[in-house]
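Data block below; observations after.
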Amino acid sequence: MALFGLYLAAAALLVGAGAAKARRPGDTARAIAAALPRLPAPRAARVVRVAAAGEAALGAAALAWPARPLAASVALSYLGFTAFVLVARARGGPLATCGCFGRPDTPPTVAHALVDAAAAAAAAAVAAAAPPGWLPAVLARQAHHGWPLVLAAAVLAWFAYLVLVPATRLAALRANRP
């Protein structure tokens, strides 16, 4: 269970990103419409809102009960995100953001794909060796009732957010400097 902290961070990011996209689906809908030209933007926005609510619910459920089916679903979600980011990067085109946090802040970068792939790997590892019980029971079996693990997961989630959002904004600003 060496990757359990990263799994918790990944599930927490699903909650945050899903809630943000459900509130503001526009940028993600435009990204999906750019990647899938047959899907009109208004319909994409409805799809994003529903999928984002499901994403947030999956993240919350995976946090509360890190069972095999939920951990596997988190892994599949992040594999899908990794594929989407890689396709968006390969196509080049007008896609400036994937809208992962409900606003134009997360362009599809190599770092973004790596974060998604690491989250998928951690979730797959947890799915392979899922601990029994819901999160408080799992944490009770950890050193100091799991508080160091929870703190590490929170720091990992914050670091991943920084890689996905402010760091990409700084890179974009640097690239546009004369």
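Each chain in the structure tokens gets a letter, A, B, ..., in the order shown, and its residues are numbered from 1; ligands are numbered from 1 in order too.
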
For Ala62 of chain A, list every protein, DNA or RNA residue within 12 Å, evaluated using only C-alpha atoms, and leave out those in the same chain fewer than 2 positions away; present the list as a PyMOL selection string.
-> chain A and resi 4+7-15+54-60+64-75+77+123+126-127+130-131+133-135

Taking C-alpha atoms for each residue, export the selection above as a PDB file, in the first residue's frame.
ATOM      1  CA  PHE A   4      -2.137   4.787  -0.872  1.00  0.00           C
ATOM      2  CA  TYR A   7      -4.396   7.372  -4.372  1.00  0.00           C
ATOM      3  CA  LEU A   8      -6.041   9.561  -1.715  1.00  0.00           C
ATOM      4  CA  ALA A   9      -4.633  12.663  -3.418  1.00  0.00           C
ATOM      5  CA  ALA A  10      -5.960  11.473  -6.790  1.00  0.00           C
ATOM      6  CA  ALA A  11      -9.425  10.833  -5.363  1.00  0.00           C
ATOM      7  CA  ALA A  12      -9.429  14.268  -3.717  1.00  0.00           C
ATOM      8  CA  LEU A  13      -8.482  15.874  -7.048  1.00  0.00           C
ATOM      9  CA  LEU A  14     -11.430  14.083  -8.673  1.00  0.00           C
ATOM     10  CA  VAL A  15     -13.744  15.683  -6.115  1.00  0.00           C
ATOM     11  CA  GLY A  54     -20.203  11.685 -11.511  1.00  0.00           C
ATOM     12  CA  GLU A  55     -16.469  12.390 -11.301  1.00  0.00           C
ATOM     13  CA  ALA A  56     -16.902  14.271  -8.021  1.00  0.00           C
ATOM     14  CA  ALA A  57     -19.152  11.524  -6.645  1.00  0.00           C
ATOM     15  CA  LEU A  58     -16.625   8.843  -7.647  1.00  0.00           C
ATOM     16  CA  GLY A  59     -13.825  10.767  -5.945  1.00  0.00           C
ATOM     17  CA  ALA A  60     -15.862  11.169  -2.745  1.00  0.00           C
ATOM     18  CA  ALA A  64     -14.624   7.175   1.891  1.00  0.00           C
ATOM     19  CA  TRP A  65     -14.338   3.530   0.852  1.00  0.00           C
ATOM     20  CA  PRO A  66     -11.122   2.590  -0.993  1.00  0.00           C
ATOM     21  CA  ALA A  67     -12.473  -0.735  -2.257  1.00  0.00           C
ATOM     22  CA  ARG A  68     -11.305  -2.534  -5.401  1.00  0.00           C
ATOM     23  CA  PRO A  69     -14.178  -1.473  -7.688  1.00  0.00           C
ATOM     24  CA  LEU A  70     -13.879   2.184  -6.712  1.00  0.00           C
ATOM     25  CA  ALA A  71     -10.090   2.212  -6.943  1.00  0.00           C
ATOM     26  CA  ALA A  72     -10.315   0.539 -10.354  1.00  0.00           C
ATOM     27  CA  SER A  73     -12.847   3.179 -11.464  1.00  0.00           C
ATOM     28  CA  VAL A  74     -10.479   5.937 -10.318  1.00  0.00           C
ATOM     29  CA  ALA A  75      -7.672   4.269 -12.297  1.00  0.00           C
ATOM     30  CA  SER A  77     -10.867   7.706 -15.017  1.00  0.00           C
ATOM     31  CA  ALA A 123      -5.270   3.830  -8.155  1.00  0.00           C
ATOM     32  CA  VAL A 126      -4.719   0.228  -4.627  1.00  0.00           C
ATOM     33  CA  ALA A 127      -7.260  -1.722  -6.693  1.00  0.00           C
ATOM     34  CA  ALA A 130      -7.348  -2.789  -1.760  1.00  0.00           C
ATOM     35  CA  PRO A 131      -7.480  -2.517   2.011  1.00  0.00           C
ATOM     36  CA  GLY A 133     -13.047  -1.289   5.154  1.00  0.00           C
ATOM     37  CA  TRP A 134     -13.837   2.334   4.845  1.00  0.00           C
ATOM     38  CA  LEU A 135     -11.229   5.072   5.210  1.00  0.00           C
TER      39      LEU A 135
END

For Ala124 of chain A, the closest of A:Leu76, A:Leu63, A:Ala31, A:Pro25 counting only C-alpha atoms is A:Leu76

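Our summary of the geometry notes that atom CA of Val138 of chain A is positioned 23.6 Å from atom CA of Ala160 of chain A.
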
Helix (DSSP H, G or I) call set, DSSP backbone run, segment 15-178 of chain A, as a PyMOL selection string = chain A and resi 15-23+26-35+41-64+68-91+110-128+135-140+143-164+166-175

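The protein and nucleic acid residues lying at most 8 Å from Ala44 of chain A are Ala29, Arg30, Ile32, Ala33, Leu39, Pro40, Ala41, Pro42, Arg46, Val47 and Val48 of chain A, with only C-alpha atoms considered and sequence neighbours fewer than 2 positions away removed.
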
Can you list, as a tab-separated table (two decimals) with N, CA, C and O atoms, in the first residue's frame, every protein, DNA or RNA residue that comes within 8 Å of Tyr78 of chain A when you count only C-alpha atoms, leaving out same-chain residues fewer than 2 positions away?
chain	number	residue	atom	x	y	z
A	74	VAL	N	-11.36	4.76	-10.36
A	74	VAL	CA	-10.48	5.94	-10.32
A	74	VAL	C	-9.33	5.74	-11.32
A	74	VAL	O	-8.99	6.66	-12.07
A	75	ALA	N	-8.76	4.55	-11.35
A	75	ALA	CA	-7.67	4.27	-12.30
A	75	ALA	C	-8.14	4.45	-13.74
A	75	ALA	O	-7.46	5.08	-14.55
A	76	LEU	N	-9.31	3.91	-14.05
A	76	LEU	CA	-9.84	4.06	-15.42
A	76	LEU	C	-10.12	5.52	-15.76
A	76	LEU	O	-9.88	5.95	-16.89
A	80	GLY	N	-8.34	7.57	-18.77
A	80	GLY	CA	-9.09	8.34	-19.76
A	80	GLY	C	-8.60	9.78	-19.85
A	80	GLY	O	-8.45	10.33	-20.95
A	81	PHE	N	-8.33	10.40	-18.70
A	81	PHE	CA	-7.81	11.77	-18.69
A	81	PHE	C	-6.44	11.83	-19.37
A	81	PHE	O	-6.15	12.76	-20.13
A	82	THR	N	-5.60	10.83	-19.07
A	82	THR	CA	-4.27	10.78	-19.69
A	82	THR	C	-4.40	10.69	-21.21
A	82	THR	O	-3.72	11.43	-21.95
A	116	ASP	N	-1.65	12.70	-14.45
A	116	ASP	CA	-2.78	11.79	-14.67
A	116	ASP	C	-2.32	10.32	-14.69
A	116	ASP	O	-2.97	9.45	-14.10
A	117	ALA	N	-1.20	10.05	-15.35
A	117	ALA	CA	-0.69	8.68	-15.42
A	117	ALA	C	-0.26	8.18	-14.04
A	117	ALA	O	-0.50	7.01	-13.70
A	119	ALA	N	-1.49	9.16	-11.17
A	119	ALA	CA	-2.72	8.92	-10.42
A	119	ALA	C	-3.37	7.60	-10.85
A	119	ALA	O	-3.86	6.84	-10.00
A	120	ALA	N	-3.35	7.32	-12.14
A	120	ALA	CA	-3.90	6.05	-12.64
A	120	ALA	C	-3.12	4.87	-12.07
A	120	ALA	O	-3.70	3.87	-11.64

Between A:Pro37, A:Leu151, A:Ala122, A:Val163, which one has atoms that come closest to Thr109 of chain A, using only C-alpha atoms?
->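 Among the listed residues, A:Val163 lies closest to Thr109 of chain A.
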
In Å and to one decimal, atom CA of Phe159 of chain A is distant from atom CA of His112 of chain A by 12.0 Å

Work out how far apart atom CA of Arg43 of chain A and atom CA of Lys21 of chain A are and give it in Å to one decimal.
-> 14.7 Å

Rank nothing, just name the residue among A:Leu162, A:Cys100, A:Leu79, A:Val50 nearest to Asp27 of chain A, using only C-alpha atoms.
->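 Ranked by minimum distance to Asp27 of chain A, first place goes to A:Cys100.
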